[in-house]
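Peer 1: Sending over upload.cif (mmCIF, C-alpha atoms).
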data_start
#
loop_
_atom_site.group_PDB
_atom_site.id
_atom_site.type_symbol
_atom_site.label_atom_id
_atom_site.label_comp_id
_atom_site.auth_asym_id
_atom_site.auth_seq_id
_atom_site.Cartn_x
_atom_site.Cartn_y
_atom_site.Cartn_z
ATOM 1 C CA MET A 1 31.841 -62.592 -21.045
ATOM 2 C CA LYS A 2 30.061 -59.247 -21.177
ATOM 3 C CA ARG A 3 31.756 -56.321 -19.503
ATOM 4 C CA GLN A 4 29.428 -54.497 -17.147
ATOM 5 C CA LEU A 5 29.219 -50.764 -17.695
ATOM 6 C CA GLN A 6 30.243 -48.516 -14.832
ATOM 7 C CA PHE A 7 28.080 -45.441 -14.495
ATOM 8 C CA ASN A 8 29.441 -42.226 -13.009
ATOM 9 C CA GLN A 9 27.627 -39.251 -11.551
ATOM 10 C CA ALA A 10 28.434 -36.240 -13.711
ATOM 11 C CA TYR A 11 27.711 -32.778 -12.319
ATOM 12 C CA ILE A 12 27.574 -30.230 -15.117
ATOM 13 C CA ALA A 13 27.437 -26.438 -14.770
ATOM 14 C CA PHE A 14 25.584 -24.451 -17.431
ATOM 15 C CA GLY A 15 25.843 -20.710 -18.006
ATOM 16 C CA ALA A 16 24.699 -18.234 -20.645
ATOM 17 C CA ASN A 17 24.331 -14.470 -20.895
ATOM 18 C CA VAL A 18 23.322 -13.778 -24.505
ATOM 19 C CA PRO A 19 20.524 -15.312 -26.586
ATOM 20 C CA SER A 20 21.190 -18.266 -28.882
ATOM 21 C CA CYS A 21 19.314 -19.538 -31.929
ATOM 22 C CA ILE A 22 17.026 -21.318 -29.424
ATOM 23 C CA GLY A 23 16.071 -18.168 -27.526
ATOM 24 C CA SER A 24 16.895 -16.575 -24.173
ATOM 25 C CA PRO A 25 19.721 -17.822 -21.937
ATOM 26 C CA ASP A 26 17.092 -19.624 -19.788
ATOM 27 C CA GLU A 27 15.672 -21.401 -22.833
ATOM 28 C CA THR A 28 19.146 -22.230 -24.138
ATOM 29 C CA ILE A 29 20.244 -23.818 -20.867
ATOM 30 C CA MET A 30 17.094 -25.940 -20.643
ATOM 31 C CA ALA A 31 17.459 -27.026 -24.284
ATOM 32 C CA ALA A 32 21.142 -27.864 -23.754
ATOM 33 C CA MET A 33 20.247 -30.081 -20.793
ATOM 34 C CA GLN A 34 17.624 -31.861 -22.891
ATOM 35 C CA SER A 35 20.033 -32.312 -25.805
ATOM 36 C CA LEU A 36 22.539 -34.125 -23.584
ATOM 37 C CA ASP A 37 19.940 -36.662 -22.392
ATOM 38 C CA CYS A 38 20.640 -39.589 -24.737
ATOM 39 C CA VAL A 39 21.620 -43.267 -24.794
ATOM 40 C CA ASP A 40 25.072 -42.647 -23.269
ATOM 41 C CA ILE A 41 24.128 -39.823 -20.904
ATOM 42 C CA GLN A 42 21.049 -39.907 -18.683
ATOM 43 C CA PHE A 43 19.581 -36.726 -17.183
ATOM 44 C CA ILE A 44 18.715 -37.148 -13.481
ATOM 45 C CA ARG A 45 17.845 -33.681 -12.122
ATOM 46 C CA SER A 46 18.720 -30.004 -12.309
ATOM 47 C CA SER A 47 18.896 -27.031 -10.029
ATOM 48 C CA SER A 48 16.784 -23.943 -10.355
ATOM 49 C CA LEU A 49 18.005 -21.269 -12.744
ATOM 50 C CA TRP A 50 20.218 -18.757 -10.937
ATOM 51 C CA THR A 51 21.549 -15.344 -11.956
ATOM 52 C CA SER A 52 24.987 -13.884 -11.345
ATOM 53 C CA PRO A 53 26.841 -10.774 -12.512
ATOM 54 C CA ALA A 54 29.031 -11.041 -15.596
ATOM 55 C CA TRP A 55 32.722 -11.362 -14.820
ATOM 56 C CA PRO A 56 35.170 -9.714 -15.226
ATOM 57 C CA ASP A 57 33.007 -6.916 -16.671
ATOM 58 C CA PRO A 58 29.805 -6.531 -14.634
ATOM 59 C CA SER A 59 28.429 -4.066 -17.207
ATOM 60 C CA GLU A 60 27.839 -6.997 -19.598
ATOM 61 C CA PRO A 61 24.536 -8.913 -19.396
ATOM 62 C CA GLU A 62 24.135 -10.989 -16.237
ATOM 63 C CA PHE A 63 24.509 -14.750 -16.474
ATOM 64 C CA THR A 64 21.861 -17.384 -16.052
ATOM 65 C CA ASN A 65 23.349 -20.469 -14.392
ATOM 66 C CA ALA A 66 22.303 -23.971 -13.413
ATOM 67 C CA VAL A 67 23.839 -27.280 -12.393
ATOM 68 C CA ALA A 68 22.505 -30.657 -13.461
ATOM 69 C CA LEU A 69 23.238 -34.235 -12.514
ATOM 70 C CA PHE A 70 23.639 -36.804 -15.275
ATOM 71 C CA MET A 71 24.745 -40.456 -15.213
ATOM 72 C CA SER A 72 27.067 -41.825 -17.874
ATOM 73 C CA HIS A 73 29.299 -44.780 -18.690
ATOM 74 C CA LEU A 74 31.461 -42.802 -21.142
ATOM 75 C CA SER A 75 35.130 -42.147 -20.458
ATOM 76 C CA PRO A 76 35.766 -38.636 -19.078
ATOM 77 C CA LEU A 77 37.316 -37.558 -22.406
ATOM 78 C CA ARG A 78 34.381 -38.827 -24.478
ATOM 79 C CA PHE A 79 32.005 -37.150 -22.040
ATOM 80 C CA ILE A 80 33.807 -33.802 -22.318
ATOM 81 C CA ASN A 81 33.758 -34.107 -26.113
ATOM 82 C CA LYS A 82 29.952 -34.450 -25.932
ATOM 83 C CA LEU A 83 29.813 -31.265 -23.827
ATOM 84 C CA LEU A 84 32.007 -29.370 -26.302
ATOM 85 C CA LYS A 85 29.763 -30.498 -29.168
ATOM 86 C CA CYS A 86 26.743 -29.266 -27.198
ATOM 87 C CA GLU A 87 28.372 -25.837 -26.884
ATOM 88 C CA VAL A 88 29.002 -25.694 -30.643
ATOM 89 C CA ASP A 89 25.448 -26.868 -31.393
ATOM 90 C CA PHE A 90 24.090 -23.940 -29.356
ATOM 91 C CA GLY A 91 26.301 -21.326 -31.009
ATOM 92 C CA ARG A 92 29.238 -21.021 -28.598
ATOM 93 C CA MET A 93 32.205 -19.272 -30.189
ATOM 94 C CA ARG A 94 35.487 -19.015 -28.332
ATOM 95 C CA ARG A 95 36.883 -15.711 -29.571
ATOM 96 C CA LEU A 96 37.850 -13.931 -26.358
ATOM 97 C CA LYS A 97 38.346 -15.280 -22.857
ATOM 98 C CA ASN A 98 35.400 -14.434 -20.547
ATOM 99 C CA ALA A 99 33.399 -12.928 -23.419
ATOM 100 C CA PRO A 100 29.578 -13.047 -23.381
ATOM 101 C CA ARG A 101 28.363 -16.444 -24.560
ATOM 102 C CA THR A 102 25.292 -18.269 -25.768
ATOM 103 C CA ILE A 103 26.195 -21.293 -23.633
ATOM 104 C CA ASP A 104 28.983 -22.556 -21.408
ATOM 105 C CA VAL A 105 28.912 -26.204 -20.344
ATOM 106 C CA ASP A 106 31.508 -27.316 -17.781
ATOM 107 C CA LEU A 107 32.042 -30.738 -16.250
ATOM 108 C CA ILE A 108 32.388 -30.055 -12.515
ATOM 109 C CA SER A 109 32.982 -33.636 -11.393
ATOM 110 C CA TYR A 110 32.758 -37.129 -12.848
ATOM 111 C CA GLY A 111 32.391 -39.661 -10.078
ATOM 112 C CA GLN A 112 35.547 -39.444 -8.014
ATOM 113 C CA GLU A 113 37.790 -39.009 -11.072
ATOM 114 C CA ILE A 114 40.862 -36.836 -10.659
ATOM 115 C CA SER A 115 42.702 -35.792 -13.801
ATOM 116 C CA SER A 116 44.879 -32.885 -14.891
ATOM 117 C CA THR A 117 45.651 -33.544 -18.538
ATOM 118 C CA THR A 118 45.388 -30.820 -21.160
ATOM 119 C CA ARG A 119 41.975 -32.181 -22.262
ATOM 120 C CA VAL A 120 40.523 -33.477 -18.982
ATOM 121 C CA GLN A 121 40.713 -31.509 -15.752
ATOM 122 C CA LEU A 122 38.698 -33.111 -12.970
ATOM 123 C CA PRO A 123 37.318 -31.894 -10.780
ATOM 124 C CA HIS A 124 36.861 -28.551 -12.550
ATOM 125 C CA PRO A 125 39.858 -26.474 -11.400
ATOM 126 C CA ARG A 126 37.858 -23.345 -10.471
ATOM 127 C CA ALA A 127 34.455 -24.745 -9.430
ATOM 128 C CA HIS A 128 35.292 -24.310 -5.746
ATOM 129 C CA GLU A 129 35.775 -20.540 -6.314
ATOM 130 C CA ARG A 130 32.412 -19.880 -7.962
ATOM 131 C CA ALA A 131 29.183 -19.140 -6.132
ATOM 132 C CA PHE A 132 27.292 -19.533 -9.428
ATOM 133 C CA VAL A 133 28.417 -23.191 -9.469
ATOM 134 C CA LEU A 134 28.367 -24.026 -5.767
ATOM 135 C CA LEU A 135 24.936 -22.585 -4.882
ATOM 136 C CA PRO A 136 23.042 -24.495 -7.609
ATOM 137 C CA LEU A 137 25.163 -27.576 -6.836
ATOM 138 C CA GLN A 138 24.227 -27.389 -3.156
ATOM 139 C CA GLU A 139 20.564 -27.170 -4.169
ATOM 140 C CA ILE A 140 20.633 -30.576 -5.911
ATOM 141 C CA ALA A 141 23.519 -32.289 -4.065
ATOM 142 C CA PRO A 142 23.896 -30.931 -0.525
ATOM 143 C CA LYS A 143 26.130 -33.883 0.450
ATOM 144 C CA TRP A 144 28.486 -33.534 -2.561
ATOM 145 C CA HIS A 145 32.211 -33.411 -1.755
ATOM 146 C CA LEU A 146 34.966 -32.030 -3.980
ATOM 147 C CA PRO A 147 36.908 -35.081 -5.232
ATOM 148 C CA GLY A 148 40.469 -35.188 -3.971
ATOM 149 C CA THR A 149 39.817 -32.845 -1.039
ATOM 150 C CA GLY A 150 36.870 -34.314 0.825
ATOM 151 C CA LEU A 151 35.490 -30.784 1.319
ATOM 152 C CA ALA A 152 31.695 -30.579 1.351
ATOM 153 C CA VAL A 153 29.885 -28.088 -0.854
ATOM 154 C CA SER A 154 28.781 -26.229 2.307
ATOM 155 C CA GLU A 155 32.425 -25.871 3.406
ATOM 156 C CA LEU A 156 33.425 -24.563 -0.017
ATOM 157 C CA LEU A 157 30.585 -22.031 0.065
ATOM 158 C CA ALA A 158 31.655 -20.840 3.515
ATOM 159 C CA GLU A 159 35.104 -20.001 2.086
ATOM 160 C CA LEU A 160 33.687 -17.732 -0.639
ATOM 161 C CA ASN A 161 33.456 -13.974 -0.418
ATOM 162 C CA PRO A 162 30.003 -13.236 1.106
ATOM 163 C CA ASN A 163 29.392 -10.643 -1.621
ATOM 164 C CA ASP A 164 29.770 -13.342 -4.317
ATOM 165 C CA ARG A 165 27.198 -15.513 -2.549
ATOM 166 C CA GLN A 166 24.778 -12.595 -2.154
ATOM 167 C CA GLN A 167 25.019 -11.576 -5.832
ATOM 168 C CA THR A 168 24.106 -15.086 -7.022
ATOM 169 C CA LYS A 169 20.345 -15.465 -6.735
ATOM 170 C CA VAL A 170 17.662 -17.984 -7.613
ATOM 171 C CA ALA A 171 15.834 -16.696 -10.689
ATOM 172 C CA LYS A 172 13.382 -19.468 -11.533
ATOM 173 C CA ALA A 173 12.576 -22.909 -10.189
ATOM 174 C CA VAL A 174 12.791 -25.650 -12.789
ATOM 175 C CA LYS A 175 10.001 -28.200 -12.981
#
Reformat the file's structure so that it appears as structure tokens.

Peer 2:
Amino acid sequence: MKRQLQFNQAYIAFGANVPSCIGSPDETIMAAMQSLDCVDIQFIRSSSLWTSPAWPDPSEPEFTNAVALFMSHLSPLRFINKLLKCEVDFGRMRRLKNAPRTIDVDLISYGQEISSTTRVQLPHPRAHERAFVLLPLQEIAPKWHLPGTGLAVSELLAELNPNDRQQTKVAKAVK
């Protein structure tokens, strides 16, 4: 008997603030999204490109951010491994924490999975604190709820510092 595959909604946050071998942060993010669209991972839609100040040092180049929805039948660990490979493919080097980067690809949620192992943390442990994740997420999934809490994206945004929300701005609509 064939086992039927279970597909999960995977919300992925993308960020970049320095050029990669592909080009600008905007071009890198779009190329990274395209590179993930394969047999095991299906691209559904993405937010606009947003900008946000670098953190913790706002004198560094600002970030370009986006969130995209994919569908996948992979296990959460295999899915995360694909995301880590994507980062390497686009030149990500992990030398210093919070350093400028060619690409950052974070799994925000994977269906309703909840996990806190060393390799798989779902939902993303800091997504609810980040306007640069929540604003693009609200754009493509206004009814999304943080797994394990039941809090809607609009409720999470309301809890953020208003200054963080104001500094995160739509830069370019994606077609």

Peer 1: Any chance you could resolve the PyMOL selection byres ((chain A and resi 52-55) around 10) against this file and give the residues as a ChimeraX atom specification?

Peer 2: /A:15-17,50-51,56-65,98-100,131-132,164-171

Peer 1: If you apply the PyMOL selection byres ((chain A and resi 118-126) around 10) to this file, what residues do you get, as JSON, numbers by chain?

Peer 2: {"A": [11, 12, 13, 76, 77, 78, 79, 80, 81, 106, 107, 108, 109, 110, 111, 112, 113, 114, 115, 116, 117, 127, 128, 129, 130, 133, 146, 147, 148]}

Peer 1: Could you name the residues that touch A:Ala68 at 12 Å or less, counting all atoms listed in the file, but leaving out those on the same chain fewer than 2 positions away, as a ChimeraX atom specification?

Peer 2: /A:9-15,29-30,32-34,36-37,41-49,65-66,70-71,105-109,133-134,136-141,174

Peer 1: Between atom CA of A:Cys38 and atom CA of A:Lys82, measure the distance and give it in Å to one decimal.

Peer 2: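 Separation between atom CA of A:Cys38 and atom CA of A:Lys82: 10.7 Å.
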
Peer 1: Could you tell me how far atom CA of A:Arg92 lies from atom CA of A:Asp104, in Å and to one decimal?

Peer 2: 7.4 Å

Peer 1: From the list A:Leu83, A:Leu5, A:Leu156, A:Met93, which residue is nearest A:Ser35 when using all atoms listed in the file?

Peer 2: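 Closest candidate: A:Leu83.
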
Peer 1: Distance atom CA of A:Ser72-atom CA of A:Gln6, one decimal place?

Peer 2: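 Atom CA of A:Ser72 sits 8.0 Å away from atom CA of A:Gln6.
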
Peer 1: Taking all atoms of stretch 68-71 of chain A that appear in the file, build a box with edges along x, y and z, extend it by 4 Å on every side, and state its centre and edge lengths in Å to one decimal, as JSON.

Peer 2:
{"center_x": 23.6, "center_y": -35.6, "center_z": -13.9, "size_x": 10.2, "size_y": 17.8, "size_z": 10.8}

Peer 1: Kindly indicate which residue among A:Leu160, A:Ile22, A:Ile103, A:Leu74 lies nearest to A:Val88, using all atoms listed in the file for the distances.

Peer 2: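 Looking at the shortest contact to A:Val88, the residue is A:Ile103.
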
Peer 1: So which residues get picked by the PyMOL selection byres ((chain A and resi 154) around 9) here, written as a list in words?

Peer 2: Leu134, Leu135, Gln138, Pro142, Lys143, Trp144, His145, Leu151, Ala152, Val153, Glu155, Leu156, Leu157, Ala158 and Glu159 of chain A

Peer 1: Nearest to A:Lys172: which of A:Arg101, A:Gln4, A:Glu27, A:Ser20 is it, counting only C-alpha atoms?

Peer 2: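 Among A:Arg101, A:Gln4, A:Glu27, A:Ser20, it is A:Glu27 that comes nearest to A:Lys172.
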